[in-house]
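Student: Mind having a look at this structure? Questions to follow.
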Amino acid sequence: MRLPLKTYAAVAMLVGASWSGSARADWRDDIGTFRIGIVAEPGAGNTVPGLAALTDAYTKALGMKVEFVVARDYAALIEAQADARIEYAVYSATAYATALQRCGCIEPLVAPVDSDGAVGIRSILLTRGGKVPDIAAIEAHRIAMAPPNSVGGSLLPLAALTDEGVKITQNAPFMIRASSATAAEAMLVDGQADALFGWAPVAADGQSEVTGGTEARLEAAGFGKSELKTVWASGILRYGPHTVRSDLDPEAKRRLSVFLTNLKSMSPDIYDLLETKHAGGFTTAAPKDYDMAVAIVHMMSDSSLQR
């Protein structure tokens, strides 16, 4: 018996819906409990504010049991995700790059945005009064640099320049190491340095101006805009991502992405519990967004091997 075309289409839709529902049930059954790993704030032990509300929100988004796992540090979190003991983890940018180096089994899903639209930072070389014409001239000048553990003022510029083929060692004679980023800025202010490696916030398009960073701090200290010039800028170091294991079912990834990118507008109270540093919501992220973070980790790995 041949079915009318409309009847056939309706039956096909029902069969498709039934198969799709079965497939979605399969990945949930395979996982059992979806585990989310986070690192607690310093001094908070293994407690996370609003954990019950966060668990409920993710449970509804995925339609399955969810459990939060609080790790003591990023190293423990990386091992847990690499060993498939958790499906999802929240990292800093360099922790994500370290996890990627550890197993290559994870991918970024979303990353936070600031309320002014900044998605991350870039390192910049700022000079006063045009004393340093370009990056190629730095060896002939005094360059202030923040302590070695400063991401924007030390790690990022060194890694980005190395990536560009410009080799600068941590103890290069033209570098003046400061005790803090503020102290490095003071060196430029009082003339001890001709230029300074600082940082600037960056919008999603990489071009639009976002106020803040080292230049804004120097202007607040009394510098006029005309006195300062940026002679070099690195690639963007994106804010740390929410990640999933690459082998997670595509439907789970889709559900999480929809949930997170709409969270700020739909449930701002839950967003504030989940993201305490960046108030602008989540946007989708891709592996290429963390090229600078990967460059930093590679540089640090190379340095440790050479010691």
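Labels for the structure tokens follow display order: chains A, B, ..., residues from 1 in each chain, ligands from 1.
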Skip Ala118 in chain A itself and residues of its chain fewer than 4 positions away, then list as a list in words all residues within 12 Å of it, counting only C-alpha atoms.

Tutor: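 My list of contacting residues is Ala111, Pro112, Val113, Asp114, Arg122, Ala200, Pro201, Val202, Ala203, Ala204, Asp205, Gly206, Gln207, Ser208, Glu209, Val210, Thr211, Gly212, Gly213, Ile236, Leu237, Arg238, Tyr239, His278, Ala279, Gly280, Gly281, Phe282 and Thr283 of chain A.
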
Student: List as CSV every residue of range 74-193 of chain A that is in contact with range 248-254 of chain A, defined as an atom at most 12 Å from one of its atoms (using only C-alpha atoms), together with the nearest atom pair and the distance in Å rounded to one decimal, sorted by chain and then rising number.

Tutor:
residue,atom,partner,partner_atom,distance
A:Gln81,CA,A:Leu248,CA,11.7
A:Ala84,CA,A:Leu248,CA,10.3
A:Ile86,CA,A:Leu248,CA,10.8
A:Glu87,CA,A:Leu248,CA,7.3
A:Tyr88,CA,A:Leu248,CA,9.2
A:Cys105,CA,A:Leu248,CA,10.0
A:Ile106,CA,A:Leu248,CA,9.3
A:Glu107,CA,A:Leu248,CA,10.0
A:Pro108,CA,A:Lys253,CA,10.3
A:Leu109,CA,A:Lys253,CA,7.7
A:Val110,CA,A:Lys253,CA,10.4

Student: Show which residues sit within 9 Å of Tyr271 in chain A, as a PyMOL selection string. Count only C-alpha atoms, and ignore same-chain residues fewer than 6 positions away.

Tutor: chain A and resi 54+260+263-265+279+281

Student: If you keep N, CA and C atoms, can you produce a file of those selected residues as a JSON list (two decimals), in the first residue's frame?

Tutor:
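What follows is the written file selection-v7.json:
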[["chain", "number", "residue", "atom", "x", "y", "z"],
["A", 54, "LEU", "N", 24.14, 26.07, 40.38],
["A", 54, "LEU", "CA", 24.90, 25.76, 39.17],
["A", 54, "LEU", "C", 24.64, 24.33, 38.70],
["A", 260, "LEU", "N", 25.38, 28.16, 27.48],
["A", 260, "LEU", "CA", 26.37, 29.10, 27.97],
["A", 260, "LEU", "C", 26.30, 30.45, 27.24],
["A", 263, "LEU", "N", 23.41, 32.36, 28.61],
["A", 263, "LEU", "CA", 23.27, 32.38, 30.06],
["A", 263, "LEU", "C", 23.19, 33.79, 30.63],
["A", 264, "LYS", "N", 24.01, 34.71, 30.14],
["A", 264, "LYS", "CA", 24.02, 36.08, 30.66],
["A", 264, "LYS", "C", 22.67, 36.76, 30.50],
["A", 265, "SER", "N", 22.05, 36.58, 29.34],
["A", 265, "SER", "CA", 20.76, 37.23, 29.09],
["A", 265, "SER", "C", 19.59, 36.50, 29.73],
["A", 279, "ALA", "N", 32.18, 40.24, 33.02],
["A", 279, "ALA", "CA", 30.73, 40.42, 33.17],
["A", 279, "ALA", "C", 29.95, 40.48, 31.86],
["A", 281, "GLY", "N", 29.28, 38.10, 29.45],
["A", 281, "GLY", "CA", 28.68, 36.91, 28.86],
["A", 281, "GLY", "C", 29.72, 36.00, 28.22]]

Student: Can you tell me which residues surround Pro157 in chain A at a distance of at most 8 Å, considering only C-alpha atoms, apart from same-chain residues fewer than 2 positions away, and format the answer as a ChimeraX atom specification?

Tutor: /A:123-124,152-155,159-161,197,234

Student: From a DSSP calculation on the backbone, collect every residue of range 50-266 of chain A in alpha helix (DSSP H) and output the set as a PyMOL selection string.

Tutor: chain A and resi 51-62+74-82+93-103+156-163+181-189+213-220+250-261+263-266

Student: For CA of Glu41 in chain A and CA of Glu215 in chain A, quote the distance in Å rounded to one decimal.

Tutor: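 The value is 29.3 Å.
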
Student: Glu227 in chain A: which residues within 9 Å, counting only C-alpha atoms, same-chain residues fewer than 2 positions away excluded, as a VMD selection string?

Tutor: chain A and resid 127 to 130 223 to 225 229

Student: Store the residues picked out above in a file with all heavy atoms, as a CSV table (one decimal), in the first residue's frame.

Tutor:
chain,number,residue,atom,x,y,z
A,127,THR,N,56.5,53.3,24.0
A,127,THR,CA,57.7,54.1,24.2
A,127,THR,C,57.2,55.6,24.5
A,127,THR,O,56.1,55.9,24.1
A,127,THR,CB,58.6,54.1,22.9
A,127,THR,OG1,59.8,54.8,23.2
A,127,THR,CG2,57.9,54.7,21.7
A,128,ARG,N,58.1,56.3,25.1
A,128,ARG,CA,57.8,57.7,25.5
A,128,ARG,C,58.5,58.7,24.5
A,128,ARG,O,59.8,58.5,24.4
A,128,ARG,CB,58.2,57.9,26.9
A,128,ARG,CG,57.9,59.3,27.4
A,128,ARG,CD,58.5,59.5,28.8
A,128,ARG,NE,58.2,60.8,29.4
A,128,ARG,CZ,58.6,61.2,30.6
A,128,ARG,NH1,59.3,60.4,31.4
A,128,ARG,NH2,58.3,62.4,31.0
A,129,GLY,N,57.8,59.6,23.9
A,129,GLY,CA,58.5,60.6,23.1
A,129,GLY,C,59.2,60.0,21.9
A,129,GLY,O,60.1,60.6,21.3
A,130,GLY,N,58.7,58.8,21.4
A,130,GLY,CA,59.3,58.2,20.2
A,130,GLY,C,60.7,57.8,20.3
A,130,GLY,O,61.4,57.6,19.3
A,223,PHE,N,50.6,61.2,31.9
A,223,PHE,CA,51.0,61.2,30.6
A,223,PHE,C,49.9,61.6,29.6
A,223,PHE,O,48.8,61.2,29.8
A,223,PHE,CB,51.5,59.8,30.1
A,223,PHE,CG,52.9,59.5,30.5
A,223,PHE,CD1,53.3,59.2,31.8
A,223,PHE,CD2,53.9,59.6,29.5
A,223,PHE,CE1,54.6,58.9,32.1
A,223,PHE,CE2,55.2,59.3,29.8
A,223,PHE,CZ,55.6,59.0,31.1
A,224,GLY,N,50.3,62.4,28.6
A,224,GLY,CA,49.3,62.7,27.6
A,224,GLY,C,49.4,61.7,26.5
A,224,GLY,O,50.4,61.0,26.3
A,225,LYS,N,48.3,61.5,25.8
A,225,LYS,CA,48.2,60.5,24.7
A,225,LYS,C,49.3,60.7,23.7
A,225,LYS,O,49.9,59.7,23.2
A,225,LYS,CB,46.8,60.5,24.0
A,225,LYS,CG,45.9,59.4,24.5
A,225,LYS,CD,44.6,59.4,23.7
A,225,LYS,CE,43.7,58.3,24.1
A,225,LYS,NZ,44.3,57.0,23.8
A,229,LYS,N,53.5,56.1,22.4
A,229,LYS,CA,53.3,55.4,21.1
A,229,LYS,C,53.5,53.9,21.3
A,229,LYS,O,54.5,53.5,21.9
A,229,LYS,CB,54.3,56.0,20.1
A,229,LYS,CG,54.1,55.4,18.7
A,229,LYS,CD,55.2,56.0,17.8
A,229,LYS,CE,55.0,55.4,16.4
A,229,LYS,NZ,56.0,55.8,15.4

Student: Taking only C-alpha atoms into account, which of A:Ala53, A:Met145, A:Val189, A:Ala233 comes nearest Ala220 in chain A?

Tutor: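 Once distances to Ala220 in chain A are computed over only C-alpha atoms, the minimum belongs to A:Val189.
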
Student: Write out as a list of chain:residue names which residues come within 12 Å of Asn171 in chain A when counting only C-alpha atoms, dropping same-chain ones fewer than 2 positions away.

Tutor: A:Ile143, A:Ala144, A:Met145, A:Pro147, A:Pro148, A:Ser154, A:Leu158, A:Lys167, A:Ile168, A:Thr169, A:Pro173, A:Phe174, A:Met175, A:Ile176, A:Arg177

Student: For a test of reading the model, state the distance in Å between CA of Val66 in chain A and CA of Met266 in chain A, rounded to one decimal.

Tutor: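 About the pair CA of Val66 in chain A and CA of Met266 in chain A: they are 20.2 Å apart.
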